[in-house]
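Note: the block below is data.pdb and it holds PDB, C-alpha atoms and all ligand atoms.
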```
ATOM      1  CA  MET A   1       0.000   0.000   0.000
ATOM      2  CA  THR A   2       2.734   2.457   0.781
ATOM      3  CA  VAL A   3       5.598   1.947  -1.604
ATOM      4  CA  ALA A   4       6.492   5.492  -2.653
ATOM      5  CA  ARG A   5       4.210   5.798  -5.651
ATOM      6  CA  HIS A   6       1.489   3.504  -4.315
ATOM      7  CA  HIS A   7       0.663   5.617  -1.300
ATOM      8  CA  ASP A   8      -2.908   6.538  -0.571
ATOM      9  CA  PRO A   9      -3.661   9.616  -2.616
ATOM     10  CA  ALA A  10      -5.418  11.070   0.431
ATOM     11  CA  PRO A  11      -4.660  14.773   0.691
ATOM     12  CA  PRO A  12      -2.258  15.594   3.520
ATOM     13  CA  GLY A  13      -4.913  17.663   5.220
ATOM     14  CA  PRO A  14      -5.267  21.351   5.860
ATOM     15  CA  GLY A  15      -2.452  21.452   8.412
ATOM     16  CA  VAL A  16       0.315  20.586   5.961
ATOM     17  CA  ASP A  17       1.468  22.755   3.042
ATOM     18  CA  VAL A  18       3.087  20.663   0.328
ATOM     19  CA  HIS A  19       5.342  22.655  -2.005
ATOM     20  CA  PRO A  20       3.901  22.579  -5.563
ATOM     21  CA  GLU A  21       7.015  20.938  -7.002
ATOM     22  CA  VAL A  22       6.768  18.166  -4.395
ATOM     23  CA  ALA A  23       3.020  17.739  -4.907
ATOM     24  CA  GLU A  24       3.503  17.445  -8.668
ATOM     25  CA  ALA A  25       6.293  14.900  -8.282
ATOM     26  CA  LEU A  26       4.171  12.799  -5.923
ATOM     27  CA  ALA A  27       1.152  12.967  -8.218
ATOM     28  CA  ALA A  28       3.325  11.896 -11.144
ATOM     29  CA  GLY A  29       4.767   8.981  -9.144
ATOM     30  CA  ARG A  30       8.290  10.369  -9.260
ATOM     31  CA  GLY A  31      10.890   9.808  -6.565
ATOM     32  CA  VAL A  32      10.676  12.249  -3.652
ATOM     33  CA  VAL A  33      12.995  12.378  -0.638
ATOM     34  CA  ALA A  34      12.035  13.993   2.661
ATOM     35  CA  LEU A  35      14.842  15.806   4.508
ATOM     36  CA  GLU A  36      14.853  16.742   8.174
ATOM     37  CA  SER A  37      15.523  20.228   9.476
ATOM     38  CA  THR A  38      16.726  19.822  13.074
ATOM     39  CA  ILE A  39      20.050  18.888  11.613
ATOM     40  CA  ILE A  40      20.058  22.337   9.923
ATOM     41  CA  SER A  41      19.006  24.400  12.935
ATOM     42  CA  HIS A  42      20.437  22.422  15.860
ATOM     43  CA  GLY A  43      22.882  19.903  14.399
ATOM     44  CA  LEU A  44      25.220  22.064  12.310
ATOM     45  CA  PRO A  45      26.960  25.323  13.219
ATOM     46  CA  ARG A  46      25.972  28.607  11.589
ATOM     47  CA  PRO A  47      26.604  30.013   9.076
ATOM     48  CA  ASP A  48      27.659  26.815   7.239
ATOM     49  CA  ASN A  49      24.301  25.185   7.970
ATOM     50  CA  LEU A  50      22.360  27.050   5.275
ATOM     51  CA  ASP A  51      24.873  26.185   2.603
ATOM     52  CA  VAL A  52      24.883  22.532   3.687
ATOM     53  CA  ALA A  53      21.078  22.442   3.601
ATOM     54  CA  ARG A  54      21.184  23.606  -0.027
ATOM     55  CA  GLN A  55      23.883  21.093  -0.913
ATOM     56  CA  VAL A  56      21.797  18.291   0.577
ATOM     57  CA  GLU A  57      18.849  19.262  -1.619
ATOM     58  CA  ASP A  58      21.169  19.390  -4.628
ATOM     59  CA  ALA A  59      22.475  15.910  -3.812
ATOM     60  CA  VAL A  60      18.904  14.592  -3.989
ATOM     61  CA  ARG A  61      18.217  16.437  -7.251
ATOM     62  CA  ALA A  62      21.353  15.009  -8.844
ATOM     63  CA  THR A  63      19.767  11.542  -8.617
ATOM     64  CA  GLY A  64      16.601  12.639 -10.424
ATOM     65  CA  ALA A  65      14.507  12.723  -7.255
ATOM     66  CA  ILE A  66      12.830  15.808  -5.764
ATOM     67  CA  PRO A  67      13.910  16.992  -2.292
ATOM     68  CA  ALA A  68      11.326  17.966   0.317
ATOM     69  CA  THR A  69      12.915  19.579   3.349
ATOM     70  CA  ILE A  70      10.362  19.591   6.149
ATOM     71  CA  ALA A  71       9.890  22.193   8.876
ATOM     72  CA  MET A  72       7.284  24.447  10.468
ATOM     73  CA  VAL A  73       7.415  28.087   9.410
ATOM     74  CA  ALA A  74       5.166  30.692  11.048
ATOM     75  CA  GLY A  75       2.928  27.952  12.382
ATOM     76  CA  ARG A  76       2.516  26.087   9.092
ATOM     77  CA  ALA A  77       3.926  22.604   8.574
ATOM     78  CA  ARG A  78       5.775  22.779   5.265
ATOM     79  CA  VAL A  79       6.792  19.828   3.113
ATOM     80  CA  GLY A  80       9.312  21.268   0.675
ATOM     81  CA  LEU A  81      10.781  24.672   1.556
ATOM     82  CA  ASP A  82      11.346  27.615  -0.752
ATOM     83  CA  ALA A  83      14.545  29.655  -0.401
ATOM     84  CA  ASP A  84      13.041  32.048   2.154
ATOM     85  CA  ALA A  85      11.727  29.283   4.373
ATOM     86  CA  LEU A  86      15.034  27.416   4.261
ATOM     87  CA  THR A  87      16.853  30.615   5.223
ATOM     88  CA  THR A  88      14.464  31.161   8.131
ATOM     89  CA  ILE A  89      15.054  27.675   9.515
ATOM     90  CA  ALA A  90      18.819  28.007   9.139
ATOM     91  CA  THR A  91      19.201  31.531  10.510
ATOM     92  CA  ALA A  92      16.280  32.670  12.691
ATOM     93  CA  GLU A  93      16.905  32.851  16.449
ATOM     94  CA  ASP A  94      13.512  31.508  17.443
ATOM     95  CA  VAL A  95      13.513  28.119  15.688
ATOM     96  CA  VAL A  96      12.671  25.418  18.223
ATOM     97  CA  LYS A  97      13.505  21.732  17.953
ATOM     98  CA  ALA A  98      10.197  19.940  17.499
ATOM     99  CA  SER A  99       9.393  16.296  17.865
ATOM    100  CA  VAL A 100       5.910  15.008  17.015
ATOM    101  CA  ARG A 101       4.312  16.120  20.271
ATOM    102  CA  ASP A 102       5.600  19.678  19.883
ATOM    103  CA  LEU A 103       4.205  20.334  16.401
ATOM    104  CA  ALA A 104       0.690  21.304  17.423
ATOM    105  CA  VAL A 105       1.845  23.727  20.104
ATOM    106  CA  VAL A 106       4.205  25.516  17.729
ATOM    107  CA  ALA A 107       1.461  25.587  15.084
ATOM    108  CA  ALA A 108      -1.025  27.113  17.497
ATOM    109  CA  ARG A 109       1.491  29.768  18.465
ATOM    110  CA  GLY A 110       2.436  30.521  14.876
ATOM    111  CA  GLY A 111       6.104  29.800  15.570
ATOM    112  CA  HIS A 112       9.030  28.328  13.672
ATOM    113  CA  ALA A 113      10.201  24.771  14.297
ATOM    114  CA  ALA A 114      12.811  22.461  12.922
ATOM    115  CA  THR A 115      11.600  18.878  12.825
ATOM    116  CA  THR A 116      13.405  15.881  14.305
ATOM    117  CA  VAL A 117      13.508  12.497  12.619
ATOM    118  CA  ALA A 118      10.247  11.677  14.391
ATOM    119  CA  ALA A 119       8.397  14.847  13.360
ATOM    120  CA  THR A 120       9.846  14.780   9.845
ATOM    121  CA  SER A 121       8.796  11.145   9.331
ATOM    122  CA  HIS A 122       5.322  11.923  10.565
ATOM    123  CA  LEU A 123       4.822  14.889   8.218
ATOM    124  CA  ALA A 124       6.509  13.151   5.281
ATOM    125  CA  HIS A 125       4.169  10.187   5.585
ATOM    126  CA  ARG A 126       1.163  12.493   5.849
ATOM    127  CA  ALA A 127       2.239  14.087   2.590
ATOM    128  CA  GLY A 128       2.628  10.675   0.932
ATOM    129  CA  ILE A 129       6.428  10.552   0.866
ATOM    130  CA  GLY A 130       7.995   7.119   1.315
ATOM    131  CA  VAL A 131      11.746   7.830   1.535
ATOM    132  CA  PHE A 132      13.588  10.046   4.002
ATOM    133  CA  ALA A 133      17.266  10.950   4.444
ATOM    134  CA  THR A 134      18.874  12.093   7.663
ATOM    135  CA  GLY A 135      22.263  11.960   9.414
ATOM    136  CA  GLY A 136      21.736   9.696  12.378
ATOM    137  CA  LEU A 137      18.634   8.538  14.210
ATOM    138  CA  GLY A 138      17.925   9.423  17.790
ATOM    139  CA  GLY A 139      17.923   6.412  20.098
ATOM    140  CA  VAL A 140      18.590   5.176  23.592
ATOM    141  CA  HIS A 141      20.929   7.466  25.526
ATOM    142  CA  ARG A 142      23.664   6.135  27.752
ATOM    143  CA  GLU A 143      22.359   5.829  31.300
ATOM    144  CA  ALA A 144      18.821   5.595  29.940
ATOM    145  CA  ALA A 145      18.231   2.950  32.596
ATOM    146  CA  SER A 146      18.147   5.757  35.146
ATOM    147  CA  THR A 147      17.185   8.776  33.002
ATOM    148  CA  PHE A 148      14.618   7.050  30.729
ATOM    149  CA  ASP A 149      16.064   9.185  27.898
ATOM    150  CA  GLU A 150      15.078   7.409  24.715
ATOM    151  CA  SER A 151      14.414   9.449  21.583
ATOM    152  CA  ALA A 152      10.833   9.718  20.391
ATOM    153  CA  ASP A 153      12.342   8.906  16.982
ATOM    154  CA  LEU A 154      12.114   5.220  17.885
ATOM    155  CA  VAL A 155       8.454   5.076  18.867
ATOM    156  CA  THR A 156       7.405   7.228  15.920
ATOM    157  CA  LEU A 157       9.326   5.037  13.483
ATOM    158  CA  ALA A 158       7.586   2.031  15.063
ATOM    159  CA  HIS A 159       4.276   3.180  13.582
ATOM    160  CA  THR A 160       5.312   5.201  10.536
ATOM    161  CA  PRO A 161       5.642   3.539   7.111
ATOM    162  CA  ILE A 162       8.744   5.178   5.718
ATOM    163  CA  THR A 163      12.223   4.178   4.559
ATOM    164  CA  VAL A 164      14.894   6.140   6.433
ATOM    165  CA  VAL A 165      18.461   6.372   5.163
ATOM    166  CA  CYS A 166      20.924   7.159   7.959
ATOM    167  CA  ALA A 167      24.464   6.437   9.154
ATOM    168  CA  GLY A 168      23.145   4.445  12.076
ATOM    169  CA  VAL A 169      22.625   6.244  15.354
ATOM    170  CA  LYS A 170      24.924   8.843  16.812
ATOM    171  CA  SER A 171      27.855   7.388  18.689
ATOM    172  CA  ILE A 172      26.856   9.522  21.683
ATOM    173  CA  LEU A 173      24.067   6.974  22.271
ATOM    174  CA  ASP A 174      23.955   3.458  23.675
ATOM    175  CA  VAL A 175      24.082   1.739  20.292
ATOM    176  CA  GLY A 176      23.505  -1.796  21.573
ATOM    177  CA  ALA A 177      20.411  -0.773  23.518
ATOM    178  CA  THR A 178      19.125   1.200  20.522
ATOM    179  CA  LEU A 179      19.489  -1.854  18.269
ATOM    180  CA  GLU A 180      17.531  -3.922  20.796
ATOM    181  CA  ARG A 181      14.757  -1.312  20.820
ATOM    182  CA  LEU A 182      14.678  -1.221  17.009
ATOM    183  CA  GLU A 183      14.156  -4.991  17.070
ATOM    184  CA  THR A 184      11.470  -4.858  19.771
ATOM    185  CA  LEU A 185       9.592  -2.105  17.942
ATOM    186  CA  GLY A 186       9.595  -4.044  14.664
ATOM    187  CA  ILE A 187      11.622  -1.438  12.790
ATOM    188  CA  GLY A 188      13.441  -3.081   9.875
ATOM    189  CA  VAL A 189      17.199  -2.585   9.518
ATOM    190  CA  VAL A 190      19.236  -3.321   6.413
ATOM    191  CA  GLY A 191      22.874  -2.402   5.832
ATOM    192  CA  PHE A 192      23.784  -0.805   2.527
ATOM    193  CA  ARG A 193      26.673  -2.974   1.333
ATOM    194  CA  THR A 194      27.618  -3.815   4.901
ATOM    195  CA  ASP A 195      26.821  -6.314   7.622
ATOM    196  CA  ARG A 196      28.057  -3.904  10.310
ATOM    197  CA  PHE A 197      25.763  -1.343  11.920
ATOM    198  CA  PRO A 198      27.399   2.056  11.282
ATOM    199  CA  GLY A 199      28.360   4.352  14.158
ATOM    200  CA  PHE A 200      27.708   7.724  12.539
ATOM    201  CA  TYR A 201      31.182   9.354  12.785
ATOM    202  CA  ARG A 202      32.602   5.828  12.749
ATOM    203  CA  SER A 203      31.989   3.412   9.879
ATOM    204  CA  ASP A 204      31.364   0.519  12.269
ATOM    205  CA  SER A 205      29.616   0.916  15.623
ATOM    206  CA  GLY A 206      31.005  -2.402  16.805
ATOM    207  CA  PHE A 207      27.631  -4.101  16.306
ATOM    208  CA  GLY A 208      26.615  -6.280  13.383
ATOM    209  CA  LEU A 209      23.346  -6.332  11.485
ATOM    210  CA  ASP A 210      21.480  -9.257   9.948
ATOM    211  CA  TRP A 211      20.636  -8.011   6.502
ATOM    212  CA  PRO A 212      23.169  -6.466   4.146
ATOM    213  CA  VAL A 213      21.715  -5.295   0.816
ATOM    214  CA  ASP A 214      23.727  -4.961  -2.386
ATOM    215  CA  ASP A 215      22.112  -2.092  -4.247
ATOM    216  CA  VAL A 216      19.114   0.231  -4.480
ATOM    217  CA  VAL A 217      17.168  -2.268  -6.568
ATOM    218  CA  GLU A 218      17.292  -4.666  -3.643
ATOM    219  CA  VAL A 219      16.150  -1.925  -1.250
ATOM    220  CA  ALA A 220      13.234  -1.150  -3.579
ATOM    221  CA  ALA A 221      12.379  -4.866  -3.666
ATOM    222  CA  VAL A 222      12.350  -4.976   0.141
ATOM    223  CA  MET A 223      10.104  -1.890   0.193
ATOM    224  CA  ALA A 224       7.676  -3.496  -2.262
ATOM    225  CA  ALA A 225       7.670  -6.757  -0.265
ATOM    226  CA  ARG A 226       6.977  -4.859   2.961
ATOM    227  CA  ALA A 227       3.934  -3.297   1.345
ATOM    228  CA  ALA A 228       2.755  -6.625  -0.063
ATOM    229  CA  LEU A 229       3.142  -8.353   3.306
ATOM    230  CA  GLY A 230       1.708  -5.519   5.369
ATOM    231  CA  THR A 231       4.912  -5.246   7.411
ATOM    232  CA  ASP A 232       5.355  -1.623   6.414
ATOM    233  CA  THR A 233       3.424  -0.172   9.323
ATOM    234  CA  ALA A 234       6.851   0.365  10.917
ATOM    235  CA  ALA A 235       9.794   2.101   9.284
ATOM    236  CA  LEU A 236      12.664   0.505   7.385
ATOM    237  CA  VAL A 237      16.119   1.813   8.301
ATOM    238  CA  VAL A 238      18.727   1.710   5.546
ATOM    239  CA  ALA A 239      22.056   2.016   7.336
ATOM    240  CA  ASN A 240      24.664   3.680   5.128
ATOM    241  CA  PRO A 241      28.153   3.798   6.661
ATOM    242  CA  LEU A 242      30.794   6.415   5.954
ATOM    243  CA  PRO A 243      33.642   4.825   3.985
ATOM    244  CA  GLU A 244      36.488   3.955   6.358
ATOM    245  CA  ASP A 245      38.778   6.591   4.897
ATOM    246  CA  GLU A 246      36.201   9.299   5.666
ATOM    247  CA  GLN A 247      35.434   8.376   9.283
ATOM    248  CA  VAL A 248      36.619  10.343  12.310
ATOM    249  CA  ASP A 249      39.849   8.994  13.797
ATOM    250  CA  THR A 250      39.354   6.464  16.624
ATOM    251  CA  MET A 251      41.348   8.326  19.244
ATOM    252  CA  LEU A 252      39.885  11.718  18.416
ATOM    253  CA  HIS A 253      36.404  10.234  18.495
ATOM    254  CA  ALA A 254      36.972   8.558  21.870
ATOM    255  CA  ARG A 255      38.277  11.806  23.353
ATOM    256  CA  LEU A 256      35.420  13.943  21.986
ATOM    257  CA  LEU A 257      32.881  11.477  23.288
ATOM    258  CA  ALA A 258      34.342  11.175  26.792
ATOM    259  CA  GLU A 259      34.796  14.938  27.156
ATOM    260  CA  GLY A 260      31.374  15.711  25.665
ATOM    261  CA  LEU A 261      29.527  13.326  27.970
ATOM    262  CA  ALA A 262      31.418  14.690  30.983
ATOM    263  CA  ALA A 263      30.683  18.284  29.958
ATOM    264  CA  ALA A 264      26.973  17.510  29.489
ATOM    265  CA  ALA A 265      26.800  15.890  32.914
ATOM    266  CA  ALA A 266      28.690  18.781  34.537
ATOM    267  CA  ALA A 267      26.392  21.345  32.906
ATOM    268  CA  GLY A 268      23.294  19.404  33.941
ATOM    269  CA  VAL A 269      22.061  19.193  30.338
ATOM    270  CA  ARG A 270      18.901  17.128  30.046
ATOM    271  CA  GLY A 271      16.158  16.019  27.716
ATOM    272  CA  LYS A 272      16.011  17.371  24.200
ATOM    273  CA  ALA A 273      19.008  19.654  24.798
ATOM    274  CA  VAL A 274      21.372  16.687  25.152
ATOM    275  CA  THR A 275      21.807  15.861  21.460
ATOM    276  CA  PRO A 276      22.402  19.476  20.282
ATOM    277  CA  PHE A 277      24.789  20.041  23.202
ATOM    278  CA  LEU A 278      26.915  17.017  22.363
ATOM    279  CA  LEU A 279      26.956  17.726  18.624
ATOM    280  CA  GLU A 280      28.047  21.302  19.263
ATOM    281  CA  HIS A 281      30.756  20.086  21.605
ATOM    282  CA  PHE A 282      32.042  17.726  18.907
ATOM    283  CA  HIS A 283      32.080  20.439  16.239
ATOM    284  CA  ARG A 284      33.799  22.982  18.474
ATOM    285  CA  GLU A 285      36.413  20.679  19.950
ATOM    286  CA  SER A 286      37.375  18.750  16.805
ATOM    287  CA  ASP A 287      38.526  21.759  14.821
ATOM    288  CA  GLY A 288      36.033  21.069  12.029
ATOM    289  CA  GLU A 289      36.735  17.355  11.774
ATOM    290  CA  SER A 290      33.372  16.178  13.121
ATOM    291  CA  LEU A 291      31.629  18.785  10.979
ATOM    292  CA  ARG A 292      33.402  17.484   7.872
ATOM    293  CA  ALA A 293      32.270  13.954   8.685
ATOM    294  CA  ASN A 294      28.744  15.088   9.556
ATOM    295  CA  VAL A 295      28.344  16.912   6.227
ATOM    296  CA  ALA A 296      29.757  13.932   4.315
ATOM    297  CA  ILE A 297      27.247  11.679   6.073
ATOM    298  CA  ILE A 298      24.238  13.814   5.190
ATOM    299  CA  LEU A 299      25.276  14.306   1.578
ATOM    300  CA  ARG A 300      25.906  10.597   1.087
ATOM    301  CA  ASN A 301      22.593   9.681   2.710
ATOM    302  CA  ALA A 302      20.704  12.224   0.589
ATOM    303  CA  GLU A 303      22.274  10.811  -2.559
ATOM    304  CA  LEU A 304      21.478   7.211  -1.611
ATOM    305  CA  ALA A 305      17.922   8.120  -0.595
ATOM    306  CA  GLY A 306      17.456   9.823  -3.969
ATOM    307  CA  ARG A 307      18.562   6.709  -5.799
ATOM    308  CA  ILE A 308      16.298   4.526  -3.624
ATOM    309  CA  ALA A 309      13.309   6.824  -4.247
ATOM    310  CA  VAL A 310      13.935   6.690  -8.008
ATOM    311  CA  ALA A 311      14.325   2.898  -7.926
ATOM    312  CA  ALA A 312      11.155   2.497  -5.847
ATOM    313  CA  ALA A 313       9.208   4.802  -8.177
ATOM    314  CA  SER A 314      10.194   2.721 -11.218
ATOM    315  CA  ALA A 315       9.925  -0.709  -9.565
ATOM    316  CA  PRO A 316       7.655  -3.128 -11.429
TER
HETATM  317  N1  LIG A 401      21.596  13.336  14.100
HETATM  318  C1  LIG A 401      22.452  14.300  13.701
HETATM  319  N2  LIG A 401      22.171  15.582  13.943
HETATM  320  C2  LIG A 401      20.998  15.928  14.545
HETATM  321  C3  LIG A 401      20.090  14.904  14.957
HETATM  322  C4  LIG A 401      20.422  13.638  14.711
HETATM  323  O1  LIG A 401      23.480  14.005  13.121
HETATM  324  O2  LIG A 401      20.770  17.115  14.732
HETATM  325  C5  LIG A 401      18.767  15.275  15.548
HETATM  326  C6  LIG A 401      17.678  14.582  14.744
HETATM  327  O3  LIG A 401      16.712  15.542  14.412
HETATM  328  C7  LIG A 401      17.092  13.553  15.681
HETATM  329  C8  LIG A 401      17.264  14.270  16.976
HETATM  330  O4  LIG A 401      15.774  13.229  15.393
HETATM  331  O5  LIG A 401      18.580  14.820  16.871
HETATM  332  C9  LIG A 401      17.119  13.359  18.165
HETATM  333  O6  LIG A 401      16.993  14.150  19.293
HETATM  334  P1  LIG A 401      16.523  13.485  20.673
HETATM  335  O7  LIG A 401      17.653  12.583  21.051
HETATM  336  O8  LIG A 401      16.338  14.640  21.613
HETATM  337  O9  LIG A 401      15.257  12.764  20.379
HETATM  338 MN    MN A 402      15.854  12.612  24.525
END
```
Can you present the structure in this file as structure tokens?
Amino acid sequence: MTVARHHDPAPPGPGVDVHPEVAEALAAGRGVVALESTIISHGLPRPDNLDVARQVEDAVRATGAIPATIAMVAGRARVGLDADALTTIATAEDVVKASVRDLAVVAARGGHAATTVAATSHLAHRAGIGVFATGGLGGVHREAASTFDESADLVTLAHTPITVVCAGVKSILDVGATLERLETLGIGVVGFRTDRFPGFYRSDSGFGLDWPVDDVVEVAAVMAARAALGTDTAALVVANPLPEDEQVDTMLHARLLAEGLAAAAAAGVRGKAVTPFLLEHFHRESDGESLRANVAIILRNAELAGRIAVAAASAP
């Protein structure tokens, strides 16, 4: 039912504005890739973030697919941003990080919000988009056993039919626990040309995965089979590792992580501020190295998602 072009043609509803180019592409059954915006507002330093956001859209276009960056601007959920809206999300001071539960409050207040993986997936699916590219998923935080800090990304993906291309989950998380939760929640995981679960800045998180896939045709076949079997009520994660020669050095990564976690604990950072705090720490303390890797990750995921969306749109 929900392979990209076979989605219900139900209109997204009055709360969601779909950019005309995106709406036309969806109606024509062309490949469309949703892109998240928290990475723009809270995951990348200014002023580079706006330029990166444009490059990510270009990476999708280069594959023949249409990009749809998702955010809330002046209280309207937007699927596909024009240049002004993208600039607002990248540069305005009052852009909040919104997960699914936050969307309605920001809408009612007429505010701006960048959407997390959870909120982006939700809005993308409402607009009929079946493929989504991001950097890394949220997941189970270290010490979640006492803090209960598990990203709402996981529970939203458990009931949202979408294919998400990512470089695994951020290494700041408890990767093993996150993989267990993905299994429990019925969220599919395949590795793009790998049987190792990627660790975002690191090509290999140290954990394996069960299902390597060889190419985008195979991913499209899995997507079609999910729809045919009705197992597409939960998301499918396509894990796309950075090539080993592009990953962040082991020692640097270990140092950034240890110092970042200690700094977050010392500053008493909690809840939704944890991820932005740690990412900023990485970018500041690595002299641009983590930023380089982060940008490479997003661009590569956007490109792969574009090719998957095109393959899914032309699948028999
Ligand atoms: N991965 C990144 N950069 C980011 C995020 C993930 O490389 O900015 C964001 C995503 O929007 C993800 C969110 O959905 O962090 C998870 O936040 P939390 O752990 O508070 O749920
Ligand atoms: Mn959290």
Counting only C-alpha atoms and all ligand atoms, name the residues that have an atom within 9 Å of an atom of ligand MN 402 (chain A); the answer should be given as a CSV table (one decimal) with C-alpha atoms, keeping the file's coordinate frame.
```
chain,number,residue,atom,x,y,z
A,138,GLY,CA,17.9,9.4,17.8
A,139,GLY,CA,17.9,6.4,20.1
A,140,VAL,CA,18.6,5.2,23.6
A,141,HIS,CA,20.9,7.5,25.5
A,148,PHE,CA,14.6,7.0,30.7
A,149,ASP,CA,16.1,9.2,27.9
A,150,GLU,CA,15.1,7.4,24.7
A,151,SER,CA,14.4,9.4,21.6
A,152,ALA,CA,10.8,9.7,20.4
A,270,ARG,CA,18.9,17.1,30.0
A,271,GLY,CA,16.2,16.0,27.7
A,272,LYS,CA,16.0,17.4,24.2
A,273,ALA,CA,19.0,19.7,24.8
A,274,VAL,CA,21.4,16.7,25.2
A,275,THR,CA,21.8,15.9,21.5
```
**OP:** Tell me which of A:Arg78, A:His159, A:Arg292, A:His125 sits closest to ligand LIG 401 (chain A), counting all atoms listed in the file.
**Re:** A:Arg292
Listed atoms of ligand LIG 401 (chain A) boxed axis-aligned with 8 Å per side, centre + edges as AutoDock Vina command-line options:
```
--center_x 19.4 --center_y 14.8 --center_z 17.4 --size_x 24.2 --size_y 20.5 --size_z 24.5
```
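Excluding A:Arg181 itself and same-chain residues fewer than 3 positions from it, the residues having an atom within 10 Å of it are Gly139, Val140, Glu150, Leu154, Val155, Ala158, Val175, Gly176, Ala177, Thr178, Thr184, Leu185, Gly186 and Ile187 of chain A, counting only C-alpha atoms.
Counting only C-alpha atoms, the residue from A:Asp287, A:Asp94, A:Glu259, A:Asp204 that sits nearest to A:Gln247 is A:Asp204.
Proximity to A:Leu173 was assessed for A:Ile298, A:Ala133, A:Ala114, A:Ala258 counting all atoms listed in the file; the smallest distance is recorded for A:Ala258.
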**OP:** With a distance cut-off of 10 Å and only C-alpha atoms, select the neighbouring residues of A:Ala293, excluding the residue or stretch itself and same-chain residues fewer than 3 positions from it, and output the selection as a PyMOL selection string.
**Re:** chain A and resi 200-202+242+246-248+283+288-290+296-299
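What separates atom C3 of ligand LIG 401 (chain A) from atom CA of A:His253 is a distance of 17.3 Å.
Between atom CA of A:Ala234 and atom CA of A:Thr156 the separation is 8.5 Å.
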Subject >> A:Glu36, A:Asp82, A:Glu180, A:Asp58 ranked by distance to A:Glu21, top pick (using only C-alpha atoms) >> reply: A:Asp82
**OP:** In the coordinates of the file, take the point (3.3, 32.5, 14.5) and a cut-off of 10 Å; then, counting only C-alpha atoms, name each qualifying protein, DNA or RNA residue as an MDAnalysis selection string.
**Re:** chainID A and resid 72:76 106:112
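Comparing the minimum interatomic distances between A:Cys166 and each of A:Ser99, A:Asn294, A:Asn49, A:Thr88, counting only C-alpha atoms, we find that A:Asn294 sits nearest.
With distances restricted to only C-alpha atoms, A:Leu44 is the closest residue to A:Arg284 from A:Val117, A:Leu44, A:Ile70, A:Val60.
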Subject >> Expected selection from the PyMOL selection byres (((chain A and resi 240) around 9) and not hetatm), given as an MDAnalysis selection string >> reply: chainID A and resid 165:168 190:194 197:198 200 203 238:239 241:242 297 300:301 304
Using the incomplete input, complete stretch 295-304 of chain A to the level of N, CA, C and O atoms; output as a CSV table (one decimal), in the frame of the given file.
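Heads up, here's the output in result_33.csv:
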```
chain,number,residue,atom,x,y,z
A,295,VAL,N,28.8,16.5,7.5
A,295,VAL,CA,28.3,16.9,6.2
A,295,VAL,C,28.5,15.8,5.2
A,295,VAL,O,27.5,15.5,4.4
A,296,ALA,N,29.6,15.1,5.2
A,296,ALA,CA,29.8,13.9,4.3
A,296,ALA,C,28.6,12.9,4.5
A,296,ALA,O,28.1,12.4,3.5
A,297,ILE,N,28.3,12.6,5.8
A,297,ILE,CA,27.2,11.7,6.1
A,297,ILE,C,25.9,12.1,5.5
A,297,ILE,O,25.2,11.3,4.8
A,298,ILE,N,25.6,13.4,5.7
A,298,ILE,CA,24.2,13.8,5.2
A,298,ILE,C,24.2,13.8,3.7
A,298,ILE,O,23.2,13.4,3.1
A,299,LEU,N,25.3,14.3,3.0
A,299,LEU,CA,25.3,14.3,1.6
A,299,LEU,C,25.2,12.9,1.0
A,299,LEU,O,24.4,12.6,0.0
A,300,ARG,N,25.9,12.0,1.6
A,300,ARG,CA,25.9,10.6,1.1
A,300,ARG,C,24.5,10.0,1.3
A,300,ARG,O,24.0,9.2,0.4
A,301,ASN,N,23.9,10.3,2.4
A,301,ASN,CA,22.6,9.7,2.7
A,301,ASN,C,21.5,10.3,1.8
A,301,ASN,O,20.6,9.6,1.3
A,302,ALA,N,21.7,11.6,1.5
A,302,ALA,CA,20.7,12.2,0.6
A,302,ALA,C,20.8,11.6,-0.8
A,302,ALA,O,19.8,11.3,-1.5
A,303,GLU,N,22.0,11.4,-1.2
A,303,GLU,CA,22.3,10.8,-2.6
A,303,GLU,C,21.7,9.4,-2.6
A,303,GLU,O,21.0,9.0,-3.6
A,304,LEU,N,22.0,8.6,-1.6
A,304,LEU,CA,21.5,7.2,-1.6
A,304,LEU,C,20.0,7.2,-1.5
A,304,LEU,O,19.3,6.4,-2.3
```
